[in-house]
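Enquirer: For reference, the file entry07.cif (mmCIF, C-alpha atoms) is included below:
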```cif
data_final
loop_
_atom_site.label_atom_id
_atom_site.label_comp_id
_atom_site.auth_asym_id
_atom_site.auth_seq_id
_atom_site.Cartn_x
_atom_site.Cartn_y
_atom_site.Cartn_z
CA MET A 5 22.79 -64.47 5.80
CA ARG A 6 23.80 -61.66 3.44
CA PRO A 7 20.97 -59.86 1.65
CA SER A 8 20.81 -60.52 -2.04
CA ASN A 9 21.38 -57.73 -4.57
CA GLN A 10 17.64 -57.56 -5.24
CA HIS A 11 16.79 -57.03 -1.56
CA LEU A 12 19.41 -54.31 -1.41
CA LYS A 13 17.93 -52.53 -4.43
CA ILE A 14 14.43 -52.65 -2.89
CA ALA A 15 15.76 -51.25 0.36
CA VAL A 16 17.51 -48.41 -1.46
CA CYS A 17 14.34 -47.58 -3.41
CA ILE A 18 12.25 -47.47 -0.23
CA LEU A 19 14.79 -45.24 1.47
CA ALA A 20 14.96 -42.95 -1.54
CA GLY A 21 11.18 -42.68 -1.51
CA ILE A 22 11.10 -41.82 2.17
CA ALA A 23 13.97 -39.38 1.74
CA ALA A 24 12.00 -37.41 -0.83
CA SER A 25 10.15 -35.47 1.87
CA GLY A 26 10.10 -34.73 5.56
CA CYS A 27 7.12 -33.32 7.45
CA VAL A 28 5.67 -30.09 6.05
CA THR A 29 2.71 -27.97 7.18
CA SER A 30 1.58 -24.97 5.21
CA ARG A 31 -0.95 -22.15 5.30
CA VAL A 32 -1.81 -19.77 2.46
CA GLU A 33 -4.07 -16.73 2.83
CA ASP A 34 -5.08 -13.80 0.73
CA ALA A 35 -6.59 -10.47 1.65
CA ARG A 36 -8.19 -8.63 -1.23
CA VAL A 37 -8.47 -4.85 -1.25
CA SER A 38 -9.77 -4.25 -4.75
CA GLU A 39 -11.00 -6.09 -7.81
CA THR A 40 -8.43 -7.82 -9.96
CA GLY A 41 -8.31 -9.37 -13.39
CA ILE A 42 -5.79 -9.54 -16.17
CA ALA A 43 -6.27 -9.23 -19.92
CA ALA A 44 -4.56 -11.34 -22.55
CA GLY A 45 -1.05 -10.05 -23.18
CA GLU A 46 -0.80 -8.20 -19.87
CA ALA A 47 2.09 -9.18 -17.62
CA VAL A 48 3.22 -9.22 -14.01
CA VAL A 49 6.63 -8.53 -12.47
CA VAL A 50 7.85 -10.22 -9.29
CA MET A 51 10.24 -8.12 -7.19
CA ALA A 52 11.77 -8.41 -3.75
CA LYS A 53 11.22 -5.57 -1.32
CA SER A 54 14.44 -3.62 -0.87
CA TYR A 55 17.29 -5.06 1.13
CA HIS A 56 17.96 -1.46 2.16
CA LEU A 57 14.84 -1.93 4.30
CA GLY A 58 16.15 -5.14 5.82
CA ASN A 59 14.31 -7.57 3.58
CA GLU A 60 16.09 -10.91 3.05
CA THR A 61 14.00 -12.51 0.29
CA GLU A 62 16.25 -14.90 -1.60
CA GLU A 63 16.97 -14.42 -5.32
CA LYS A 64 16.30 -18.11 -5.97
CA TYR A 65 12.87 -17.78 -4.33
CA ILE A 66 11.98 -14.90 -6.66
CA ARG A 67 13.06 -16.95 -9.67
CA CYS A 68 11.04 -19.91 -8.39
CA VAL A 69 7.87 -17.78 -8.04
CA GLU A 70 8.45 -16.22 -11.47
CA LYS A 71 8.67 -19.68 -13.04
CA ALA A 72 5.76 -21.15 -11.07
CA LEU A 73 3.47 -18.24 -12.04
CA THR A 74 3.86 -19.12 -15.71
CA ASN A 75 2.82 -22.76 -15.17
CA GLY A 76 -0.61 -24.36 -15.48
CA LYS A 77 -3.86 -23.33 -17.11
CA ASN A 78 -3.91 -20.09 -15.09
CA GLY A 79 -0.32 -19.28 -16.12
CA LEU A 80 0.56 -15.58 -16.25
CA ARG A 81 2.97 -13.72 -18.50
CA VAL A 82 5.92 -12.80 -16.28
CA ILE A 83 8.56 -10.19 -17.12
CA PRO A 84 11.87 -11.22 -15.48
CA HIS A 85 12.56 -8.80 -12.65
CA ARG A 86 16.12 -8.00 -13.70
CA SER A 87 15.16 -6.89 -17.20
CA PHE A 88 12.25 -4.84 -15.79
CA VAL A 89 14.56 -3.09 -13.31
CA ASP A 90 17.12 -2.39 -16.06
CA SER A 91 14.45 -0.98 -18.38
CA LEU A 92 13.33 1.48 -15.68
CA PHE A 93 16.73 2.40 -14.26
CA PRO A 94 17.12 4.05 -11.76
CA TRP A 95 13.52 3.97 -10.48
CA PHE A 96 13.33 0.38 -9.19
CA GLU A 97 16.78 0.05 -7.62
CA PRO A 98 16.84 -1.10 -3.96
CA ARG A 99 17.49 2.52 -2.94
CA THR A 100 14.87 4.18 -5.10
CA ALA A 101 12.02 1.68 -5.52
CA PRO A 102 8.64 2.87 -4.24
CA SER A 103 7.79 1.39 -0.85
CA GLU A 104 4.09 2.32 -0.88
CA THR A 105 1.44 2.73 -3.56
CA LYS A 106 1.04 6.41 -2.64
CA HIS A 107 4.46 6.98 -4.27
CA LEU A 108 3.30 5.58 -7.63
CA PRO A 109 1.74 8.75 -9.13
CA LYS A 110 4.99 10.69 -8.56
CA LEU A 111 7.02 7.82 -9.99
CA MET A 112 4.85 7.62 -13.10
CA ALA A 113 5.30 11.34 -13.70
CA ASN A 114 9.02 10.88 -14.36
CA PRO A 115 10.03 11.04 -18.02
CA GLY A 116 9.59 7.75 -19.84
CA VAL A 117 8.42 5.66 -16.87
CA LEU A 118 4.76 5.33 -17.86
CA GLU A 119 5.68 4.64 -21.48
CA ARG A 120 8.23 1.96 -20.56
CA ILE A 121 5.70 0.18 -18.31
CA ALA A 122 3.03 0.41 -21.02
CA GLU A 123 5.43 -0.97 -23.67
CA GLN A 124 5.93 -4.08 -21.56
CA LYS A 125 2.21 -4.28 -20.72
CA VAL A 126 2.95 -4.68 -17.01
CA ARG A 127 -0.36 -4.69 -15.15
CA TYR A 128 0.70 -5.90 -11.69
CA LEU A 129 3.79 -5.55 -9.55
CA ILE A 130 4.19 -8.31 -6.96
CA TRP A 131 6.45 -7.34 -4.07
CA LEU A 132 7.84 -10.23 -2.07
CA ASP A 133 8.83 -9.90 1.55
CA GLY A 134 10.09 -12.63 3.88
CA ASP A 135 12.60 -15.46 3.91
CA THR A 136 13.32 -19.03 4.92
CA GLU A 137 15.19 -19.59 8.14
CA ARG A 138 16.10 -22.38 10.52
CA VAL A 139 14.07 -21.91 13.69
CA ALA A 140 14.93 -25.03 15.66
CA GLY A 141 17.08 -28.12 15.62
CA GLY A 142 18.50 -30.81 17.85
CA GLY A 143 19.72 -34.34 18.33
CA SER A 144 23.21 -35.65 17.75
CA LEU A 145 24.87 -37.72 15.10
CA SER A 146 28.37 -39.15 15.08
CA CYS A 147 30.25 -40.94 12.36
CA ALA A 148 33.41 -43.02 12.55
CA ALA A 149 35.60 -44.88 10.09
CA GLY A 150 38.19 -47.60 10.61
CA PRO A 151 40.10 -50.24 8.66
CA GLY A 152 37.07 -52.55 8.74
CA GLY A 153 34.60 -49.93 7.51
CA GLY A 154 32.66 -47.00 8.85
CA GLY A 155 29.24 -45.87 9.85
CA CYS A 156 27.11 -43.30 11.62
CA PHE A 157 24.88 -43.52 14.66
CA GLY A 158 22.42 -41.07 16.11
CA PHE A 159 19.50 -38.86 15.23
CA ALA A 160 19.37 -35.21 14.19
CA TRP A 161 16.47 -32.97 13.24
CA TRP A 162 15.91 -29.37 12.24
CA GLN A 163 12.97 -27.15 11.42
CA ASN A 164 12.91 -24.51 8.68
CA ASP A 165 10.13 -21.94 8.37
CA ALA A 166 9.41 -20.28 5.04
CA ASP A 167 7.27 -17.18 5.63
CA TYR A 168 6.56 -14.93 2.66
CA GLN A 169 4.15 -12.14 1.86
CA ALA A 170 3.30 -10.93 -1.63
CA SER A 171 1.84 -7.44 -2.00
CA VAL A 172 0.07 -7.00 -5.32
CA TRP A 173 0.03 -3.49 -6.84
CA ASP A 174 -2.27 -2.67 -9.71
CA LEU A 175 -0.38 -0.34 -12.06
CA ASP A 176 -3.54 0.61 -14.00
CA GLU A 177 -5.32 1.88 -10.91
CA LEU A 178 -2.11 2.85 -9.02
CA GLU A 179 -3.38 1.14 -5.90
CA SER A 180 -2.87 -1.99 -3.85
CA ALA A 181 -4.97 -4.96 -4.95
CA GLY A 182 -4.22 -6.93 -1.78
CA THR A 183 -1.79 -9.41 -0.29
CA VAL A 184 -1.14 -13.13 -0.37
CA THR A 185 0.80 -14.75 2.45
CA THR A 186 2.24 -18.20 2.89
CA ASP A 187 3.67 -19.77 6.04
CA VAL A 188 5.28 -23.16 5.55
CA SER A 189 7.04 -25.07 8.28
CA GLY A 190 9.15 -28.09 7.45
CA THR A 191 10.89 -30.50 9.81
CA SER A 192 13.71 -32.64 8.46
CA PHE A 193 15.05 -35.77 10.16
CA LEU A 194 18.34 -37.56 9.85
CA PRO A 195 18.30 -40.93 11.65
CA ALA A 196 21.45 -42.99 11.27
CA LEU A 197 22.03 -46.64 12.09
CA VAL A 198 25.27 -47.27 10.21
CA ILE A 199 23.81 -45.52 7.13
CA PRO A 200 22.27 -42.02 7.56
CA ILE A 201 18.75 -41.81 6.11
CA PRO A 202 17.89 -38.18 5.26
CA LEU A 203 14.20 -37.26 5.45
CA ILE A 204 14.43 -33.77 4.05
CA ALA A 205 11.55 -31.28 4.11
CA ARG A 206 11.65 -28.50 1.50
CA PRO A 207 9.46 -25.71 2.89
CA GLN A 208 10.84 -23.06 0.55
CA THR A 209 9.85 -25.01 -2.56
CA LYS A 210 6.43 -25.69 -1.06
CA ALA A 211 6.05 -21.99 -0.16
CA CYS A 212 6.99 -21.03 -3.72
CA LYS A 213 4.41 -23.29 -5.34
CA ALA A 214 1.69 -22.45 -2.82
CA LEU A 215 2.22 -18.69 -3.15
CA ALA A 216 2.38 -18.80 -6.95
CA GLY A 217 -0.80 -20.90 -7.17
CA GLN A 218 -2.69 -18.54 -4.89
CA LEU A 219 -1.36 -15.49 -6.77
CA GLN A 220 -2.60 -16.93 -10.06
CA GLN A 221 -6.09 -17.27 -8.57
CA PHE A 222 -5.91 -13.89 -6.84
CA ILE A 223 -4.92 -11.99 -9.98
CA GLY A 224 -7.04 -13.98 -12.39
CA SER A 225 -10.23 -13.72 -10.33
CA ASP A 226 -12.33 -10.59 -9.95
CA GLU A 227 -14.08 -11.42 -6.71
CA ALA A 228 -14.05 -8.32 -4.55
CA THR A 229 -14.51 -9.00 -0.88
CA ASP A 230 -13.34 -6.10 1.20
CA SER A 231 -10.63 -7.20 3.64
CA ALA A 232 -11.79 -10.78 3.31
CA ALA A 233 -9.26 -13.48 3.96
CA ASP A 234 -9.37 -16.87 2.34
CA GLY A 235 -7.23 -19.39 4.11
CA ALA A 236 -6.06 -22.90 3.35
CA ASP A 237 -4.24 -25.31 5.57
CA ASP A 238 -2.28 -28.26 4.34
CA THR A 239 -0.21 -30.86 6.06
CA ALA A 240 2.00 -33.31 4.21
CA MET B 21 42.24 -30.10 6.01
CA ALA B 22 44.26 -28.35 3.31
CA CYS B 23 42.19 -25.22 3.82
CA TRP B 24 42.73 -25.40 7.56
CA LEU B 25 46.51 -25.66 7.16
CA THR B 26 47.04 -23.12 4.41
CA GLY B 27 43.94 -20.96 4.57
CA CYS B 28 41.38 -20.94 1.79
CA GLY B 29 40.92 -17.96 -0.41
CA SER B 30 39.50 -16.66 -3.63
CA ASN B 31 40.53 -14.13 -6.21
CA VAL B 32 37.59 -12.42 -7.83
CA VAL B 33 37.99 -10.34 -10.98
CA LEU B 34 35.21 -7.95 -11.88
CA GLU B 35 34.29 -7.12 -15.45
CA PRO B 36 33.31 -3.46 -15.96
CA PRO B 37 29.60 -3.12 -15.14
CA THR B 38 27.01 -2.00 -17.65
CA ILE B 39 24.88 0.81 -16.30
CA PRO B 40 21.47 0.99 -18.05
CA VAL B 41 20.51 4.26 -19.72
CA PRO B 42 18.64 6.17 -17.00
CA LEU B 43 15.10 7.45 -17.56
CA THR B 44 15.97 10.99 -16.51
CA ASP B 45 16.58 14.33 -18.17
CA LYS B 46 20.19 15.33 -18.71
CA ILE B 47 21.63 18.07 -16.53
CA PRO B 48 22.22 21.07 -18.79
CA ALA B 49 25.92 21.49 -18.05
CA SER B 50 29.26 20.79 -19.62
CA VAL B 51 31.59 19.05 -17.19
CA GLY B 52 35.09 17.68 -17.12
CA LEU B 53 35.72 14.32 -15.49
CA ARG B 54 39.14 13.61 -14.04
CA MET B 55 39.60 10.23 -12.41
CA PRO B 56 42.41 9.04 -10.16
CA GLU B 57 44.82 6.40 -11.44
CA GLU B 58 43.40 3.79 -9.03
CA PHE B 59 40.13 3.86 -10.97
CA ASP B 60 41.92 2.01 -13.78
CA HIS B 61 43.15 -0.75 -11.52
CA PHE B 62 41.69 -1.17 -8.04
CA VAL B 63 42.42 -4.28 -5.98
CA HIS B 64 41.05 -4.87 -2.50
CA GLU B 65 42.20 -7.70 -0.26
CA GLU B 66 40.53 -8.88 2.90
CA GLU B 67 41.61 -11.59 5.30
CA ILE B 68 39.05 -13.21 7.49
CA ILE B 69 41.23 -14.05 10.45
CA GLY B 70 42.04 -17.73 10.70
CA ARG B 71 39.68 -18.64 7.89
CA GLU B 72 40.26 -17.39 4.38
CA GLN B 73 41.75 -14.66 2.26
CA TRP B 74 39.76 -12.85 -0.38
CA SER B 75 40.98 -10.55 -3.12
CA ILE B 76 38.74 -8.60 -5.47
CA ASP B 77 40.17 -6.95 -8.56
CA LEU B 78 37.82 -4.23 -9.80
CA GLY B 79 40.04 -3.53 -12.82
CA ARG B 80 38.68 -0.46 -14.57
CA SER B 81 35.15 -0.95 -13.26
CA ASN B 82 35.18 2.37 -11.41
CA ALA B 83 36.43 4.28 -14.46
CA SER B 84 33.82 2.57 -16.63
CA LEU B 85 31.05 3.34 -14.10
CA PHE B 86 31.78 7.08 -14.02
CA GLU B 87 32.34 7.39 -17.77
CA GLN B 88 28.99 5.75 -18.53
CA LEU B 89 27.10 7.46 -15.73
CA PHE B 90 28.24 11.03 -16.38
CA GLY B 91 27.82 10.48 -20.12
CA TYR B 92 24.16 9.75 -19.41
CA MET B 93 23.75 12.51 -16.81
CA PHE B 94 25.30 15.60 -18.43
CA GLU B 95 24.85 17.26 -21.79
CA LYS B 96 28.60 17.23 -22.40
CA VAL B 97 31.40 15.37 -20.65
CA THR B 98 35.12 15.77 -21.32
CA ILE B 99 37.36 13.06 -19.93
CA LEU B 100 40.62 14.57 -18.65
CA ARG B 101 43.90 12.77 -18.03
CA ALA B 102 45.72 13.33 -14.77
CA ASP B 103 48.18 15.77 -16.38
CA ASP B 104 45.60 17.78 -18.35
CA ASP B 105 45.09 21.41 -17.35
CA PRO B 106 41.32 21.93 -16.87
CA GLN B 107 41.70 25.65 -17.68
CA GLN B 108 42.45 24.64 -21.26
CA PHE B 109 39.00 23.12 -21.71
CA ALA B 110 35.67 24.91 -22.00
CA MET B 111 33.49 23.52 -19.21
CA ASP B 112 31.15 24.64 -16.45
CA ALA B 113 32.68 22.47 -13.73
CA LEU B 114 35.32 19.83 -13.13
CA ILE B 115 34.31 16.66 -11.28
CA GLU B 116 36.91 14.53 -9.50
CA PRO B 117 35.55 11.29 -8.03
CA SER B 118 37.69 9.17 -5.73
CA ILE B 119 37.21 5.98 -3.76
CA GLU B 120 37.49 6.45 0.00
CA ALA B 121 36.58 3.03 1.28
CA PHE B 122 35.79 -0.41 -0.04
CA GLU B 123 34.69 -3.25 2.23
CA PHE B 124 32.95 -6.53 1.86
CA SER B 125 31.65 -9.32 4.04
CA VAL B 126 31.40 -13.03 3.27
CA PRO B 127 28.78 -15.49 4.54
CA ASN B 128 31.08 -16.75 7.30
CA GLN B 129 31.15 -13.28 8.81
CA SER B 130 27.51 -12.30 8.42
CA LYS B 131 26.14 -15.76 9.31
CA THR B 132 23.90 -15.51 6.26
CA GLU B 133 24.22 -16.86 2.73
CA ALA B 134 24.97 -13.40 1.37
CA PHE B 135 28.01 -11.46 0.26
CA ALA B 136 27.77 -7.72 0.88
CA VAL B 137 29.86 -4.89 -0.56
CA TRP B 138 30.12 -1.32 0.71
CA ILE B 139 31.76 1.42 -1.34
CA ARG B 140 32.26 5.03 -0.31
CA TYR B 141 33.12 7.43 -3.11
CA ARG B 142 33.90 11.12 -2.71
CA ILE B 143 32.84 13.56 -5.37
CA ARG B 144 34.73 16.84 -5.54
CA VAL B 145 33.46 19.58 -7.83
CA PHE B 146 35.54 22.58 -8.92
CA ASP B 147 34.29 25.65 -10.78
CA ASP B 148 36.03 27.04 -13.85
CA GLU B 149 38.30 29.12 -11.61
CA GLY B 150 39.59 25.93 -9.99
CA ASP B 151 37.87 26.59 -6.63
CA LEU B 152 36.36 23.66 -4.75
CA VAL B 153 32.58 24.22 -4.71
CA ALA B 154 31.31 20.84 -3.50
CA ASN B 155 32.66 17.87 -1.59
CA TRP B 156 30.10 15.09 -1.42
CA PRO B 157 30.46 11.56 0.01
CA VAL B 158 28.49 8.81 -1.74
CA SER B 159 27.93 5.62 0.27
CA ALA B 160 26.65 2.61 -1.62
CA TYR B 161 25.70 -0.95 -0.71
CA GLY B 162 25.12 -4.16 -2.64
CA LYS B 163 24.16 -7.64 -1.48
CA SER B 164 23.86 -10.98 -3.24
CA GLU B 165 23.29 -14.51 -1.98
CA THR B 166 25.69 -17.25 -2.86
CA GLU B 167 24.32 -20.06 -4.99
CA SER B 168 27.59 -21.90 -5.63
CA VAL B 169 30.34 -23.36 -3.47
CA SER B 170 32.95 -20.74 -4.37
CA GLY B 171 30.72 -17.70 -3.97
CA THR B 172 32.79 -15.68 -6.45
CA GLN B 173 29.78 -14.90 -8.63
CA ALA B 174 27.85 -13.66 -5.61
CA LEU B 175 30.71 -11.34 -4.64
CA GLN B 176 30.94 -10.04 -8.21
CA ARG B 177 27.20 -9.42 -8.27
CA ALA B 178 27.29 -7.67 -4.87
CA ALA B 179 30.05 -5.35 -6.15
CA VAL B 180 28.09 -4.55 -9.31
CA LEU B 181 24.96 -3.89 -7.23
CA ALA B 182 26.93 -1.53 -4.98
CA MET B 183 28.11 0.38 -8.07
CA ARG B 184 24.56 0.54 -9.41
CA ASP B 185 23.44 1.78 -5.99
CA ALA B 186 26.05 4.55 -6.17
CA ALA B 187 24.92 5.37 -9.71
CA ALA B 188 21.26 5.58 -8.62
CA LEU B 189 22.17 7.85 -5.71
CA MET B 190 24.21 10.16 -7.95
CA ILE B 191 21.44 10.36 -10.55
CA MET B 192 18.93 11.30 -7.85
CA LYS B 193 21.02 13.62 -5.68
CA LEU B 194 24.21 14.80 -7.36
CA ASP B 195 22.80 18.03 -8.73
CA ASP B 196 21.15 18.97 -5.42
CA ALA B 197 24.27 18.06 -3.45
CA THR B 198 26.79 19.84 -5.66
CA GLY B 199 24.79 22.58 -7.40
CA ILE B 200 26.40 21.90 -10.79
CA SER B 201 23.40 23.07 -12.83
CA LYS B 202 23.30 26.33 -10.83
CA ILE B 203 26.98 26.87 -11.59
CA ALA B 204 26.26 26.29 -15.28
CA GLN B 205 23.24 28.63 -15.19
CA ALA B 206 25.21 31.36 -13.43
CA LYS B 207 28.00 31.03 -15.97
CA LEU B 208 25.50 31.19 -18.83
CA ALA B 209 23.76 34.24 -17.32
CA MET B 210 27.14 35.94 -16.88
CA SER B 211 28.17 35.27 -20.44
CA ASP B 212 24.73 36.46 -21.67
CA SER B 213 24.97 39.70 -19.68
CA GLY B 214 28.56 40.13 -20.83
CA ALA B 215 27.51 39.71 -24.44
CA ALA B 216 24.59 42.13 -23.95
CA SER B 217 26.77 44.85 -22.43
CA GLN B 218 29.33 44.36 -25.21
CA ALA B 219 26.57 44.78 -27.78
CA GLU B 220 25.38 47.94 -26.00
CA GLU B 221 28.91 49.35 -26.04
CA ILE B 222 29.21 48.67 -29.78
CA GLU B 223 25.80 50.30 -30.33
CA HIS B 224 26.86 53.45 -28.38
CA ALA B 225 30.13 53.58 -30.28
CA THR B 226 28.39 53.46 -33.67
CA GLU B 227 25.94 56.19 -32.63
#
```
Output the structure of this file as structure tokens.
Expert:
Amino acid sequence: MRPSNQHLKIAVCILAGIAASGCVTSRVEDARVSETGIAAGEAVVVMAKSYHLGNETEEKYIRCVEKALTNGKNGLRVIPHRSFVDSLFPWFEPRTAPSETKHLPKLMANPGVLERIAEQKVRYLIWLDGDTERVAGGGSLSCAAGPGGGGCFGFAWWQNDADYQASVWDLDELESAGTVTTDVSGTSFLPALVIPIPLIARPQTKACKALAGQLQQFIGSDEATDSAADGADDTA
Amino acid sequence: MACWLTGCGSNVVLEPPTIPVPLTDKIPASVGLRMPEEFDHFVHEEEIIGREQWSIDLGRSNASLFEQLFGYMFEKVTILRADDDPQQFAMDALIEPSIEAFEFSVPNQSKTEAFAVWIRYRIRVFDDEGDLVANWPVSAYGKSETESVSGTQALQRAAVLAMRDAAALMIMKLDDATGISKIAQAKLAMSDSGAASQAEEIEHATE
């Protein structure tokens, strides 16, 4: 008996629902060094640590964090990193950007730097470090097509880890405010019995939202707990 | 299949980059800038064996980079043509940049999602007597991840980032590496002392 059109539609909907996510586990932590807080009108800038130092943070991840930080009731004002870097040329280029807070006083002493940062009301610099990479995978999947039709058979899986660290620098105090880290592991599956059914995990997107949410709390709150670490585990 | 038989490739054309106005003090010197002809039209081709052929046309990006950069860096810049005689112009030093090497890598080679561009410029500086006083290599690097199938935008961006990297390095180190401001100061001191001794001579003569 051939399935009716309605049964087919239901099956497609169920598959689409399952395909929306694979298996994801995540952990977000912060370590506060000093008090934080942000006044109305003050802004943050999200930057990647220099690729001259071997950092591989993806441009699309930076844009994702920038966008996510502006969302919600704790949304922050975010200056796009490219316009910030242009406005302070050449002091935040990959070659010249400060790598530690101890370099900030010297940087601020350069002509126009302090004024340009004050004009934009930038209170915090958030330096991102880390990347998303495939750490494991396996299985096999083969597809074939002939005059009577085609199909796939097999099972494949892969695991991507998205590990990022955000270092928050307070430009008023010229010191580090602390760090927020996120480790997200996502396993995707691709079983195929004639039709492949992708169960895709998106750890990078999860890491972006988790990091941005924690950064909003970290910057917005003024709880000072020396070297304290607040952790949160989540499995989806 | 078509790519496998004929080899895939891309031609990338770069628009001249815009270098932001740097937040630095100008070097108090008057310089001449003479650029090689290749700065007006530089094309680099690279074949990834058995895979694809890439060509990047920088057009006048290099000329534009140095015109903007030195305009921001020095108090006065005179652009010289190849056949101009520098002795005919009043300047403290003549700067001749050239491009020594240009390389890039595509994601297939680096096993990442990034295009990378390396550029090595050479900066030669001559004093007003025409003597070579500095010969400085400038190595720059730019990297950009691909977010589209063709990757041409990522290669363009990597090339622009490499040029900005070179610009940043020159802003930070050119004066220390070539001593142009010292040449200008020495020339100024010489002309001041020359003027002073001339004034003294005139004073003695009138006495």
Enquirer: Given the file shown, determine the residues that the PyMOL selection byres ((chain B) within 6 of (chain A)) selects; report them as a list in words.
Expert: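 Output of the PyMOL selection byres ((chain B) within 6 of (chain A)): Pro40, Pro42, Leu43 and Ala188 of chain B.
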Enquirer: Kindly export the residues of the current selection with C-alpha atoms, as a PDB file, in the frame of the given file.
Expert:
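Final output, part_17.pdb:
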```
ATOM      1  CA  PRO B  40      21.470   0.990 -18.050  1.00  0.00           C
ATOM      2  CA  PRO B  42      18.640   6.170 -17.000  1.00  0.00           C
ATOM      3  CA  LEU B  43      15.100   7.450 -17.560  1.00  0.00           C
ATOM      4  CA  ALA B 188      21.260   5.580  -8.620  1.00  0.00           C
TER       5      ALA B 188
END
```
Enquirer: I need the residue set behind the PyMOL selection byres ((chain B and resi 157-172) around 7) for this file; please write it as an NGL selection string.
Expert: :B and (32 or 133-143 or 155-156 or 173-179 or 181-183 or 185-186)
Enquirer: Quick one: residues within 6 Å of Ser192 in chain A, all atoms listed in the file, excluding same-chain residues fewer than 5 positions away - as a compact mmCIF listing (two decimals) with C-alpha atoms, keeping the file's coordinate frame?
Expert:
```txt
# COMPACT_ATOMS: atom_id res chain seq x y z
CA GLY A 26 10.10 -34.73 5.56
CA TRP A 161 16.47 -32.97 13.24
CA TRP A 162 15.91 -29.37 12.24
CA LEU A 203 14.20 -37.26 5.45
CA ILE A 204 14.43 -33.77 4.05
CA ALA A 205 11.55 -31.28 4.11
```
Enquirer: Figure out the distance between CA of Ala204 in chain B and CA of Asp147 in chain B, please, to one decimal in Å.
Expert: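 Computing it gives 9.2 Å between the two atoms.
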Enquirer: With all atoms listed in the file as the counted atoms, please give the residues lying no more than 9 Å from Tyr65 in chain A, apart from itself and same-chain residues fewer than 3 positions off, as a list in words.
Expert: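 So, after excluding close chain neighbours, the residues are Thr61, Glu62, Cys68, Val69, Glu70, Asp135, Gln208, Thr209 and Cys212 of chain A.
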